[in-house]
>>> print(open('protein_4.txt').read())   # compact mmCIF, C-alpha atoms
# COMPACT_ATOMS: atom_id res chain seq x y z
CA MET F 1347 34.59 -12.07 -33.35
CA GLU F 1348 30.85 -12.11 -33.95
CA THR F 1349 29.93 -11.42 -30.32
CA ILE F 1350 32.56 -8.68 -29.97
CA ARG F 1351 31.20 -7.05 -33.10
CA ASN F 1352 27.61 -7.17 -31.89
CA LEU F 1353 28.59 -5.91 -28.45
CA LEU F 1354 30.59 -2.98 -29.86
CA LEU F 1355 27.81 -2.01 -32.27
CA ASP F 1356 25.25 -2.12 -29.45
CA GLY F 1357 27.48 0.03 -27.27
CA THR F 1358 28.03 2.54 -30.06
CA THR F 1359 24.29 2.84 -30.63
CA ALA F 1360 23.70 3.39 -26.91
CA VAL F 1361 26.36 6.10 -26.67
CA LEU F 1362 25.03 7.78 -29.81
CA SER F 1363 21.55 7.93 -28.30
CA LEU F 1364 23.00 9.47 -25.13
CA LEU F 1365 24.67 12.07 -27.36
CA ILE F 1366 21.26 12.74 -28.94
CA LEU F 1367 19.84 13.43 -25.48
CA ALA F 1368 22.73 15.79 -24.70
CA THR F 1369 22.15 17.64 -27.98
CA LEU F 1370 18.44 17.87 -27.18
CA VAL F 1371 19.32 19.58 -23.90
CA ARG F 1372 21.49 21.97 -25.91
CA ALA F 1373 18.52 22.67 -28.16
CA ILE F 1374 16.38 23.51 -25.15
CA LEU F 1375 19.07 25.68 -23.54
CA GLY F 1376 20.15 27.50 -26.69
CA PRO F 1377 19.60 31.23 -26.25
CA ARG F 1378 19.01 31.96 -29.94
CA PHE F 1379 16.86 30.16 -32.48
CA THR F 1380 19.89 29.37 -34.63
CA ASP F 1381 21.30 27.37 -31.70
CA ARG F 1382 18.22 25.20 -31.81
CA ILE F 1383 18.40 24.72 -35.57
CA ILE F 1384 22.05 23.65 -35.30
CA ALA F 1385 21.18 21.22 -32.51
CA VAL F 1386 18.37 19.74 -34.62
CA ASN F 1387 20.80 19.41 -37.51
CA VAL F 1388 23.28 17.51 -35.33
CA ILE F 1389 20.48 15.27 -34.05
CA ASN F 1390 19.53 14.45 -37.63
CA THR F 1391 23.12 13.51 -38.46
CA LEU F 1392 23.28 11.30 -35.37
CA VAL F 1393 20.02 9.59 -36.28
CA VAL F 1394 21.34 8.82 -39.75
CA ALA F 1395 24.44 7.27 -38.16
CA ILE F 1396 22.30 5.20 -35.77
CA LEU F 1397 20.07 3.95 -38.60
CA ALA F 1398 23.11 2.90 -40.64
CA ILE F 1399 24.62 1.10 -37.65
CA LEU F 1400 21.32 -0.69 -36.95
CA SER F 1401 21.17 -1.90 -40.53
CA VAL F 1402 24.51 -3.64 -39.98
CA ARG F 1403 23.62 -4.93 -36.53
CA MET F 1404 20.22 -6.34 -37.48
CA ARG F 1405 21.27 -7.32 -41.02
CA GLU F 1406 18.32 -5.46 -42.49
CA ASP F 1407 19.23 -3.74 -45.72
CA PHE F 1408 16.08 -1.65 -45.96
CA LEU F 1409 17.23 0.48 -43.01
CA VAL F 1410 19.91 1.97 -45.28
CA ASP F 1411 17.13 3.26 -47.54
CA VAL F 1412 15.41 4.75 -44.51
CA ALA F 1413 18.67 6.50 -43.55
CA LEU F 1414 19.04 7.86 -47.09
CA VAL F 1415 15.57 9.37 -47.09
CA TYR F 1416 16.09 10.71 -43.58
CA ALA F 1417 19.29 12.47 -44.67
CA LEU F 1418 17.43 14.19 -47.50
CA LEU F 1419 14.53 15.20 -45.23
CA SER F 1420 16.90 16.63 -42.62
CA PHE F 1421 18.36 18.89 -45.27
CA LEU F 1422 14.85 19.99 -46.21
CA THR F 1423 14.17 20.99 -42.58
CA VAL F 1424 16.94 23.59 -42.59
CA VAL F 1425 15.93 24.98 -45.98
CA VAL F 1426 12.31 25.40 -44.87
CA ALA F 1427 13.41 27.11 -41.65
CA ALA F 1428 15.61 29.50 -43.63
CA ARG F 1429 12.70 30.29 -45.97
CA LEU F 1430 10.52 31.01 -42.94
CA VAL F 1431 13.02 33.40 -41.36
CA ARG F 1432 14.37 35.38 -44.28
CA PRO F 1433 11.29 37.10 -45.83
CA ARG F 1434 10.30 38.49 -42.44
CA ARG F 1435 13.69 40.15 -42.01
CA GLN F 1436 13.86 41.55 -45.50
CA GLY F 1437 10.61 43.40 -44.92
CA LYS F 1438 12.05 45.10 -41.84
CA ASP F 1439 15.46 46.49 -42.81
CA GLY F 1440 16.04 44.84 -46.15
CA GLY F 1441 19.57 44.89 -47.46
CA HIS F 1442 20.63 47.93 -45.50
CA LYS F 1443 23.46 46.32 -43.55
CA LYS F 1444 24.86 44.54 -46.56
CA GLY F 1445 24.96 47.65 -48.73
CA GLU F 1446 26.76 49.54 -45.99
CA ARG F 1447 29.43 46.88 -45.75
CA ARG F 1448 29.89 46.65 -49.49
CA THR F 1449 30.73 50.33 -49.84
CA SER F 1450 32.99 50.62 -46.81
CA MET C 548 41.71 -14.21 -41.55
CA ILE C 549 41.29 -11.31 -43.96
CA ASP C 550 37.65 -11.17 -42.91
CA ALA C 551 38.63 -10.64 -39.30
CA VAL C 552 41.06 -7.86 -40.24
CA VAL C 553 38.39 -6.06 -42.29
CA THR C 554 35.85 -6.39 -39.46
CA ALA C 555 38.37 -5.07 -36.93
CA ALA C 556 39.22 -2.10 -39.17
CA GLY C 557 35.52 -1.34 -39.63
CA LEU C 558 34.86 -1.50 -35.89
CA ALA C 559 37.87 0.74 -35.21
CA LEU C 560 36.56 3.31 -37.71
CA VAL C 561 33.09 3.21 -36.13
CA LEU C 562 34.55 3.73 -32.66
CA PHE C 563 36.69 6.60 -33.91
CA GLY C 564 33.61 8.17 -35.51
CA LEU C 565 31.88 7.85 -32.15
CA PHE C 566 34.77 9.74 -30.56
CA VAL C 567 34.48 12.46 -33.22
CA PHE C 568 30.75 12.82 -32.51
CA PHE C 569 31.48 12.99 -28.81
CA SER C 570 33.92 15.87 -29.39
CA ALA C 571 31.38 17.58 -31.63
CA VAL C 572 28.70 17.49 -28.91
CA LEU C 573 31.29 18.56 -26.34
CA GLY C 574 32.11 21.46 -28.65
CA LEU C 575 28.42 22.41 -28.71
CA TYR C 576 28.67 22.89 -24.95
CA ARG C 577 32.18 24.36 -24.62
CA LEU C 578 31.96 27.05 -27.29
CA HIS C 579 30.05 30.17 -26.43
CA TYR C 580 28.62 31.67 -29.57
CA VAL C 581 26.34 30.28 -32.27
CA LEU C 582 28.76 30.70 -35.16
CA ASP C 583 31.48 28.92 -33.14
CA ARG C 584 29.15 26.09 -32.24
CA MET C 585 28.38 25.66 -35.89
CA HIS C 586 31.99 24.66 -36.52
CA ALA C 587 31.68 21.90 -33.94
CA ALA C 588 28.51 20.71 -35.69
CA ALA C 589 30.34 20.82 -39.03
CA VAL C 590 33.02 18.51 -37.63
CA GLY C 591 30.34 15.95 -36.79
CA ASP C 592 28.70 16.39 -40.19
CA ALA C 593 31.88 15.98 -42.21
CA LEU C 594 34.41 13.89 -40.31
CA GLY C 595 32.14 11.97 -37.92
CA ILE C 596 29.64 10.70 -40.47
CA PHE C 597 32.49 9.85 -42.84
CA CYS C 598 34.28 7.72 -40.23
CA ILE C 599 31.15 5.89 -39.07
CA LEU C 600 29.78 5.20 -42.54
CA ALA C 601 33.20 4.17 -43.92
CA GLY C 602 33.48 1.68 -41.07
CA LEU C 603 29.99 0.40 -41.85
CA ILE C 604 30.90 0.00 -45.53
CA LEU C 605 33.78 -2.24 -44.41
CA LEU C 606 31.39 -4.20 -42.17
CA HIS C 607 28.79 -4.58 -44.94
CA GLY C 608 31.32 -6.01 -47.31
CA TRP C 609 30.80 -5.97 -51.06
CA SER C 610 27.04 -5.51 -51.37
CA LEU C 611 24.26 -3.20 -52.48
CA ALA C 612 23.83 -1.85 -48.96
CA ALA C 613 27.46 -0.70 -48.96
CA ALA C 614 26.90 1.22 -52.20
CA LYS C 615 23.83 2.86 -50.69
CA THR C 616 25.84 3.80 -47.61
CA LEU C 617 28.37 5.48 -49.90
CA LEU C 618 25.44 7.34 -51.47
CA ILE C 619 24.44 8.59 -48.00
CA ILE C 620 27.95 10.00 -47.47
CA LEU C 621 27.79 11.74 -50.85
CA PHE C 622 24.34 13.24 -50.12
CA LEU C 623 25.36 14.44 -46.69
CA TRP C 624 28.55 16.02 -48.01
CA LEU C 625 26.63 17.76 -50.78
CA THR C 626 23.88 19.08 -48.52
CA SER C 627 25.65 19.90 -45.24
CA PRO C 628 27.61 22.92 -46.60
CA VAL C 629 24.39 24.37 -48.00
CA ALA C 630 22.63 23.88 -44.67
CA SER C 631 25.55 25.44 -42.74
CA HIS C 632 25.61 28.36 -45.12
CA LEU C 633 21.88 28.98 -44.70
CA ILE C 634 22.14 28.86 -40.90
CA ALA C 635 25.17 31.18 -40.88
CA GLU C 636 23.43 33.64 -43.17
CA MET C 637 20.34 33.62 -40.94
CA GLU C 638 22.48 34.26 -37.87
CA VAL C 639 24.55 37.10 -39.34
CA GLU C 640 21.45 38.80 -40.74
CA THR C 641 19.37 38.62 -37.58
CA VAL C 642 21.95 39.22 -34.85
CA PRO C 643 21.74 42.80 -33.53
CA ASP C 644 25.47 43.51 -33.34
CA ILE C 645 27.88 41.09 -34.95
CA ARG C 646 30.95 43.14 -34.00
CA ARG C 647 30.41 42.45 -30.32
CA GLU C 648 30.60 38.71 -30.87
CA CYS C 649 33.62 38.39 -33.10
CA GLU C 650 36.29 40.40 -34.85
CA VAL C 651 35.31 41.64 -38.33
CA GLU C 652 38.01 42.17 -40.88
CA GLU C 653 37.75 43.61 -44.37
CA ARG C 654 40.26 42.84 -47.06
CA MET V 811 23.23 14.11 -66.32
CA PRO V 812 20.73 11.45 -67.53
CA VAL V 813 23.44 8.81 -67.07
CA LEU V 814 23.92 9.90 -63.47
CA PHE V 815 20.17 9.71 -62.79
CA PHE V 816 20.03 6.27 -64.36
CA LEU V 817 22.92 4.98 -62.22
CA ILE V 818 21.27 6.26 -59.03
CA TRP V 819 17.99 4.66 -60.16
CA LEU V 820 19.70 1.30 -60.64
CA LEU V 821 21.41 1.61 -57.26
CA LEU V 822 18.12 2.32 -55.50
CA ALA V 823 16.18 -0.33 -57.42
CA GLY V 824 18.76 -2.95 -56.56
CA GLU V 825 18.00 -5.29 -59.44
CA MET V 826 18.74 -5.46 -63.14
CA THR V 827 15.56 -6.62 -64.87
CA LEU V 828 14.24 -5.31 -68.15
CA ARG V 829 11.33 -3.63 -66.41
CA THR V 830 13.40 -1.57 -63.95
CA CYS V 831 15.79 -0.60 -66.74
CA LEU V 832 12.99 0.67 -68.97
CA TRP V 833 11.35 2.60 -66.15
CA GLY V 834 14.77 3.99 -65.21
CA VAL V 835 15.41 5.25 -68.72
CA ALA V 836 11.98 6.92 -68.81
CA VAL V 837 12.32 8.54 -65.38
CA SER V 838 15.89 9.78 -65.91
CA ALA V 839 14.98 11.27 -69.29
CA LEU V 840 12.01 13.06 -67.70
CA LEU V 841 14.14 14.32 -64.80
CA SER V 842 16.94 15.66 -66.94
CA TRP V 843 14.40 17.40 -69.18
CA ALA V 844 12.84 18.98 -66.07
CA CYS V 845 16.30 20.06 -64.84
CA ARG V 846 17.04 21.81 -68.11
CA LYS V 847 13.61 23.36 -68.40
CA PHE V 848 12.83 24.47 -64.84
CA LEU V 849 16.13 24.54 -62.93
CA GLY V 850 18.19 26.05 -65.73
CA HIS V 851 20.81 23.33 -65.88
CA ARG V 852 23.16 23.84 -68.82
CA ARG V 853 25.69 21.34 -70.02
CA ARG V 854 29.27 22.59 -70.00
CA PRO V 855 31.25 22.31 -73.21
CA TRP V 856 33.35 19.18 -73.19
CA ARG V 857 37.03 19.87 -72.75
CA GLY V 858 38.71 16.52 -72.90
CA LEU V 859 39.99 13.93 -70.48
CA GLY V 860 42.43 16.29 -68.76
CA GLU V 861 39.53 18.05 -67.10
CA ILE V 862 38.27 14.85 -65.51
CA GLY V 863 41.76 14.21 -64.14
CA ALA V 864 41.90 17.71 -62.70
CA CYS V 865 38.44 17.23 -61.12
CA VAL V 866 39.46 13.95 -59.53
CA SER V 867 42.65 15.46 -58.18
CA TYR V 868 40.64 18.40 -56.80
CA LEU V 869 38.19 16.02 -55.08
CA TRP V 870 41.04 14.00 -53.64
CA TYR V 871 42.67 17.17 -52.29
CA LEU V 872 39.28 18.24 -50.86
CA LEU V 873 38.88 14.89 -49.09
CA ARG V 874 42.33 15.11 -47.48
CA GLU V 875 41.68 18.72 -46.50
CA ILE V 876 38.31 17.85 -44.88
CA LEU V 877 39.90 15.10 -42.78
CA LYS V 878 42.82 17.35 -41.77
CA ALA V 879 40.53 20.26 -40.85
CA GLY V 880 38.37 17.92 -38.76
CA PHE V 881 41.35 16.96 -36.64
CA VAL V 882 42.45 20.60 -36.28
CA VAL V 883 39.01 21.69 -35.05
CA MET V 884 38.78 18.74 -32.66
CA ARG V 885 42.13 19.74 -31.16
CA LEU V 886 40.89 23.33 -30.84
CA ILE V 887 37.76 22.17 -29.00
CA TYR V 888 39.83 20.19 -26.52
CA THR V 889 42.72 22.61 -25.97
CA LYS V 890 41.23 26.08 -26.34
CA GLY V 891 37.55 25.58 -25.54
CA ALA V 892 35.94 28.96 -25.04
CA GLN V 893 39.16 30.94 -25.59
CA VAL V 894 39.02 30.71 -29.38
CA GLU V 895 39.24 33.94 -31.36
CA PRO V 896 36.47 33.81 -33.96
CA LYS V 897 36.80 36.09 -36.94
CA LEU V 898 34.60 37.31 -39.78
CA ILE V 899 36.52 38.09 -42.94
CA TRP V 900 35.32 39.81 -46.09
CA PHE V 901 37.40 39.25 -49.16
CA ASP V 902 37.19 39.29 -52.96
CA THR V 903 37.71 36.16 -54.96
CA THR V 904 39.42 36.13 -58.32
CA LEU V 905 37.17 33.40 -59.71
CA ARG V 906 34.78 34.61 -62.38
CA SER V 907 32.25 31.88 -63.21
CA ASP V 908 29.35 31.18 -60.87
CA ARG V 909 30.09 27.47 -60.95
CA ALA V 910 33.65 27.88 -59.67
CA ARG V 911 32.49 30.32 -56.98
CA THR V 912 29.86 27.86 -55.79
CA VAL V 913 32.41 25.06 -55.59
CA LEU V 914 34.80 27.34 -53.70
CA ALA V 915 32.10 28.33 -51.19
CA ASP V 916 31.08 24.71 -50.67
CA SER V 917 34.69 23.61 -50.22
CA ILE V 918 35.33 26.36 -47.67
CA THR V 919 32.23 25.36 -45.72
CA LEU V 920 32.91 21.65 -45.92
CA THR V 921 36.36 22.01 -44.36
CA ALA V 922 35.45 22.40 -40.71
CA GLY V 923 36.59 25.59 -39.04
CA THR V 924 35.60 27.95 -41.84
CA ILE V 925 32.04 28.70 -42.97
CA THR V 926 30.96 30.84 -45.90
CA VAL V 927 28.31 33.23 -44.64
CA THR V 928 27.52 35.09 -47.85
CA ALA V 929 28.91 34.89 -51.34
CA GLU V 930 27.59 37.57 -53.67
CA ASP V 931 29.21 38.94 -56.81
CA GLY V 932 32.59 37.52 -55.93
CA ARG V 933 32.62 39.08 -52.47
CA PHE V 934 32.88 36.32 -49.87
CA CYS V 935 32.16 36.59 -46.17
CA VAL V 936 33.84 33.78 -44.26
CA HIS V 937 33.59 33.00 -40.57
CA ALA V 938 36.64 31.28 -39.09
CA LEU V 939 36.68 29.56 -35.71
CA ASP V 940 40.19 30.73 -34.85
CA ALA V 941 42.45 33.47 -36.17
CA SER V 942 45.04 30.86 -37.15
CA LEU V 943 42.54 29.25 -39.53
CA ALA V 944 41.77 32.58 -41.17
CA GLU V 945 45.29 33.35 -42.35
CA GLY V 946 45.72 33.39 -46.09
CA ILE V 947 42.15 32.34 -46.80
CA GLU V 948 41.84 34.63 -49.80
CA HIS V 949 44.74 32.87 -51.53
CA CYS V 950 43.92 29.34 -50.45
CA GLU V 951 44.88 26.25 -52.40
CA PHE V 952 41.24 25.59 -53.39
CA GLN V 953 41.12 28.84 -55.30
CA ARG V 954 44.40 28.18 -57.11
CA ARG V 955 43.20 24.77 -58.22
CA LEU V 956 39.81 26.11 -59.30
CA GLU V 957 41.49 28.86 -61.31
CA LYS V 958 43.38 26.19 -63.17
CA LEU V 959 40.13 24.31 -63.79
CA GLU V 960 38.36 27.45 -64.94
CA ALA V 961 41.03 28.57 -67.40
>>> encode(input="protein_4.txt", output="structure tokens")
Amino acid sequence: METIRNLLLDGTTAVLSLLILATLVRAILGPRFTDRIIAVNVINTLVVAILAILSVRMREDFLVDVALVYALLSFLTVVVAARLVRPRRQGKDGGHKKGERRTS
Amino acid sequence: MIDAVVTAAGLALVLFGLFVFFSAVLGLYRLHYVLDRMHAAAVGDALGIFCILAGLILLHGWSLAAAKTLLIILFLWLTSPVASHLIAEMEVETVPDIRRECEVEER
Amino acid sequence: MPVLFFLIWLLLAGEMTLRTCLWGVAVSALLSWACRKFLGHRRRPWRGLGEIGACVSYLWYLLREILKAGFVVMRLIYTKGAQVEPKLIWFDTTLRSDRARTVLADSITLTAGTITVTAEDGRFCVHALDASLAEGIEHCEFQRRLEKLEA
């Protein structure tokens, strides 16, 4: 049971890292910047999963703390990116599209 | 005996979560537009992380690490809708013509 | 709120000595004061045990719905692929309080297949992956349950 468990967890980690590589290719290909942000978001989720699996595989409890902090930081990434994008747009054609939709 | 059953259930959940993540990344490639791809990413965020971390909670057993893993699920489920919403808002506000990409309906 | 902070503190500290407990009490009191002062957190009036039951039943329904929606979207990815019919729907919600609207928007986003794009003044803009997922979204079960919670 123990060896099967270790083998399966190792295999899962390996496949998850391959998925990270695939998502990275998606981030490079993505035609729009939102594509890249989504890909980065997925990579963050995958990394959290890998960290949690490693904490079970290596029997190191502190890796769970690392995963927790990583999850919070990954959320911060998206918020900062949104803050960077939005003020620039509002200066250009602020609120015009929305108002038009509201009245129609 | 009961230990083996719990371990097997945990491993099955982890493998299923792996399958969910695989479909999510496949969805990133098969769907054609950003807002559609976001749904695939949301599947990984919600269902995939839940399956994997629930399996890991079973593997951890009754310990502090399991409680922290549960905390990770809670944090991710609280933050991932906000992140998706921010990305979707960015996309709809910056795309030149949303009506070309998908049907818009007013009710 | 302070109780919640204190529980999380204990969980992260991982031990139950007098020192961690005292520090936890101090930090959670400071944090809840900061929440009220700077983030504008207001405590809701207490409305009895029935409300907690309704919240738990709502969360349970949300959990089932998330799992179900995940399977639906996975099937869509495998069967339809690029032939999905995405849709952007604008609709008005009947919920009045900001809190209920926020929970509704988060629930809609958390169930895969539908994403809230904007939610301002009770006017929601929801993107659905497929037209079949968009049917009846303005009268969904989430909203009915939240109305009951709000009343």
>>> axis_aligned_box(input="protein_4.txt", around="segment 637-641 of chain C", padding_each_side="5 Å", output="AutoDock Vina command-line options")
--center_x 22.0 --center_y 36.2 --center_z -39.3 --size_x 15.2 --size_y 15.2 --size_z 13.4
>>> atom_distance(input="protein_4.txt", atom1="atom CA of Ile619 of chain C", atom2="atom CA of Ile604 of chain C")
11.0 Å
>>> closest_residue(input="protein_4.txt", among="C:Gly574, C:Gly608, C:Gly591, C:Gly564", to="Trp624 of chain C", atoms="all atoms listed in the file")
C:Gly591
>>> closest_residue(input="protein_4.txt", among="V:Ala864, V:Lys878, V:Ala823, V:Leu841", to="chain F", atoms="all atoms listed in the file")
V:Ala823
>>> closest_residue(input="protein_4.txt", among="V:Phe816, V:Trp833, V:Trp843, V:Phe881", to="Thr921 of chain V", atoms="only C-alpha atoms")
V:Phe881
>>> residues_around(input="protein_4.txt", residues="Arg1432 of chain F", least_positions_apart="6", cutoff="9 Å", atoms="only C-alpha atoms", output="number ranges by chain")
C: 637, 640-641
>>> closest_residue(input="protein_4.txt", among="F:Val1424, F:Leu1430, F:Ala1395, F:Leu1400", to="Leu633 of chain C", atoms="all atoms listed in the file")
F:Val1424
>>> closest_atom_pairs(input="protein_4.txt", of="chain F", to="chain C", cutoff="9 Å", atoms="only C-alpha atoms", output="CSV")
residue,atom,partner,partner_atom,distance
F:Met1347,CA,C:Ala551,CA,7.3
F:Arg1351,CA,C:Leu558,CA,7.2
F:Leu1354,CA,C:Leu558,CA,7.5
F:Leu1355,CA,C:Leu558,CA,7.9
F:Thr1358,CA,C:Leu565,CA,6.9
F:Val1361,CA,C:Leu565,CA,8.0
F:Leu1362,CA,C:Leu565,CA,7.2
F:Leu1365,CA,C:Val572,CA,6.9
F:Ile1366,CA,C:Val572,CA,8.8
F:Ala1368,CA,C:Val572,CA,7.5
F:Thr1369,CA,C:Val572,CA,6.6
F:Arg1372,CA,C:Tyr576,CA,7.3
F:Gly1376,CA,C:Val581,CA,8.8
F:Arg1378,CA,C:Val581,CA,7.9
F:Phe1379,CA,C:Glu638,CA,8.8
F:Thr1380,CA,C:Glu638,CA,6.4
F:Asp1381,CA,C:Val581,CA,5.8
F:Ile1383,CA,C:Ile634,CA,7.7
F:Ile1384,CA,C:Met585,CA,6.7
F:Ala1385,CA,C:Ala588,CA,8.0
F:Asn1387,CA,C:Ala588,CA,8.0
F:Val1388,CA,C:Ala588,CA,6.1
F:Thr1391,CA,C:Asp592,CA,6.5
F:Leu1392,CA,C:Phe568,CA,8.1
F:Val1394,CA,C:Ile596,CA,8.5
F:Ala1395,CA,C:Ile596,CA,6.6
F:Ala1398,CA,C:Leu600,CA,7.3
F:Ile1399,CA,C:Leu603,CA,6.9
F:Ser1401,CA,C:Ala612,CA,8.8
F:Val1402,CA,C:His607,CA,6.6
F:Arg1405,CA,C:His607,CA,8.9
F:Asp1407,CA,C:Ala612,CA,5.9
F:Phe1408,CA,C:Ala612,CA,8.3
F:Val1410,CA,C:Ala612,CA,6.6
F:Asp1411,CA,C:Lys615,CA,7.4
F:Ala1413,CA,C:Ile619,CA,7.6
F:Leu1414,CA,C:Ile619,CA,5.5
F:Val1415,CA,C:Ile619,CA,9.0
F:Ala1417,CA,C:Leu623,CA,6.7
F:Leu1418,CA,C:Phe622,CA,7.5
F:Phe1421,CA,C:Thr626,CA,6.4
F:Leu1422,CA,C:Ala630,CA,8.8
F:Val1424,CA,C:Ala630,CA,6.1
F:Val1425,CA,C:Ala630,CA,6.9
F:Ala1427,CA,C:Ile634,CA,8.9
F:Ala1428,CA,C:Leu633,CA,6.4
F:Val1431,CA,C:Met637,CA,7.3
F:Arg1432,CA,C:Met637,CA,7.1
F:Arg1435,CA,C:Thr641,CA,7.4
F:Lys1443,CA,C:Glu640,CA,8.3
F:Lys1444,CA,C:Glu640,CA,8.9
F:Ser1450,CA,C:Glu653,CA,8.8
>>> atom_distance(input="protein_4.txt", atom1="atom CA of Glu895 of chain V", atom2="atom CA of Leu914 of chain V")
23.7 Å
>>> closest_atom_pairs(input="protein_4.txt", of="chain C", to="chain V", cutoff="6 Å", atoms="all atoms listed in the file", output="tab-separated table")
residue	atom	partner	partner_atom	distance
C:Gly574	CA	V:Ile887	CA	5.7
C:Arg577	CA	V:Gly891	CA	5.6
C:Leu578	CA	V:Ala892	CA	5.0
C:Asp583	CA	V:Leu939	CA	5.8
C:His586	CA	V:Gly923	CA	5.3
C:Ala589	CA	V:Ala922	CA	5.6
C:Val590	CA	V:Gly880	CA	5.5
C:Leu594	CA	V:Gly880	CA	5.9
C:Pro628	CA	V:Thr919	CA	5.3
C:His632	CA	V:Val927	CA	5.6
C:Ala635	CA	V:Val927	CA	5.3
C:Glu636	CA	V:Val927	CA	5.1
C:Cys649	CA	V:Pro896	CA	5.5
C:Glu650	CA	V:Lys897	CA	4.8
C:Val651	CA	V:Leu898	CA	4.6
C:Glu652	CA	V:Ile899	CA	4.8
C:Glu653	CA	V:Trp900	CA	4.8
C:Arg654	CA	V:Phe901	CA	5.0
>>> decode(input="protein_4.txt", residues="segment 1354-1359 of chain F", atoms="all heavy atoms", output="JSON list (two decimals), in the first residue's frame")
[["chain", "number", "residue", "atom", "x", "y", "z"],
["F", 1354, "LEU", "N", 1.90, 6.58, -6.91],
["F", 1354, "LEU", "CA", 0.80, 7.35, -7.49],
["F", 1354, "LEU", "C", 0.99, 8.84, -7.24],
["F", 1354, "LEU", "O", 0.76, 9.66, -8.15],
["F", 1354, "LEU", "CB", -0.53, 6.89, -6.89],
["F", 1354, "LEU", "CG", -1.19, 5.71, -7.60],
["F", 1354, "LEU", "CD1", -2.46, 5.32, -6.90],
["F", 1354, "LEU", "CD2", -1.47, 6.07, -9.04],
["F", 1355, "LEU", "N", 1.44, 9.19, -6.03],
["F", 1355, "LEU", "CA", 1.63, 10.62, -5.74],
["F", 1355, "LEU", "C", 2.74, 11.20, -6.60],
["F", 1355, "LEU", "O", 2.62, 12.32, -7.12],
["F", 1355, "LEU", "CB", 1.92, 10.82, -4.26],
["F", 1355, "LEU", "CG", 0.71, 10.62, -3.34],
["F", 1355, "LEU", "CD1", 1.09, 10.89, -1.90],
["F", 1355, "LEU", "CD2", -0.43, 11.53, -3.73],
["F", 1356, "ASP", "N", 3.82, 10.43, -6.79],
["F", 1356, "ASP", "CA", 4.91, 10.89, -7.67],
["F", 1356, "ASP", "C", 4.40, 11.11, -9.08],
["F", 1356, "ASP", "O", 4.68, 12.13, -9.72],
["F", 1356, "ASP", "CB", 6.04, 9.86, -7.68],
["F", 1356, "ASP", "CG", 6.87, 9.95, -6.42],
["F", 1356, "ASP", "OD1", 6.70, 10.93, -5.69],
["F", 1356, "ASP", "OD2", 7.68, 9.05, -6.19],
["F", 1357, "GLY", "N", 3.62, 10.12, -9.58],
["F", 1357, "GLY", "CA", 3.09, 10.23, -10.94],
["F", 1357, "GLY", "C", 2.18, 11.44, -11.09],
["F", 1357, "GLY", "O", 2.27, 12.18, -12.07],
["F", 1358, "THR", "N", 1.33, 11.66, -10.08],
["F", 1358, "THR", "CA", 0.43, 12.82, -10.13],
["F", 1358, "THR", "C", 1.21, 14.12, -10.20],
["F", 1358, "THR", "O", 0.89, 15.02, -10.99],
["F", 1358, "THR", "CB", -0.48, 12.83, -8.89],
["F", 1358, "THR", "OG1", -1.05, 11.54, -8.74],
["F", 1358, "THR", "CG2", -1.57, 13.84, -9.04],
["F", 1359, "THR", "N", 2.26, 14.22, -9.37],
["F", 1359, "THR", "CA", 3.08, 15.44, -9.39],
["F", 1359, "THR", "C", 3.71, 15.64, -10.76],
["F", 1359, "THR", "O", 3.72, 16.76, -11.29],
["F", 1359, "THR", "CB", 4.17, 15.35, -8.32],
["F", 1359, "THR", "OG1", 3.59, 14.85, -7.13],
["F", 1359, "THR", "CG2", 4.77, 16.68, -8.06]]
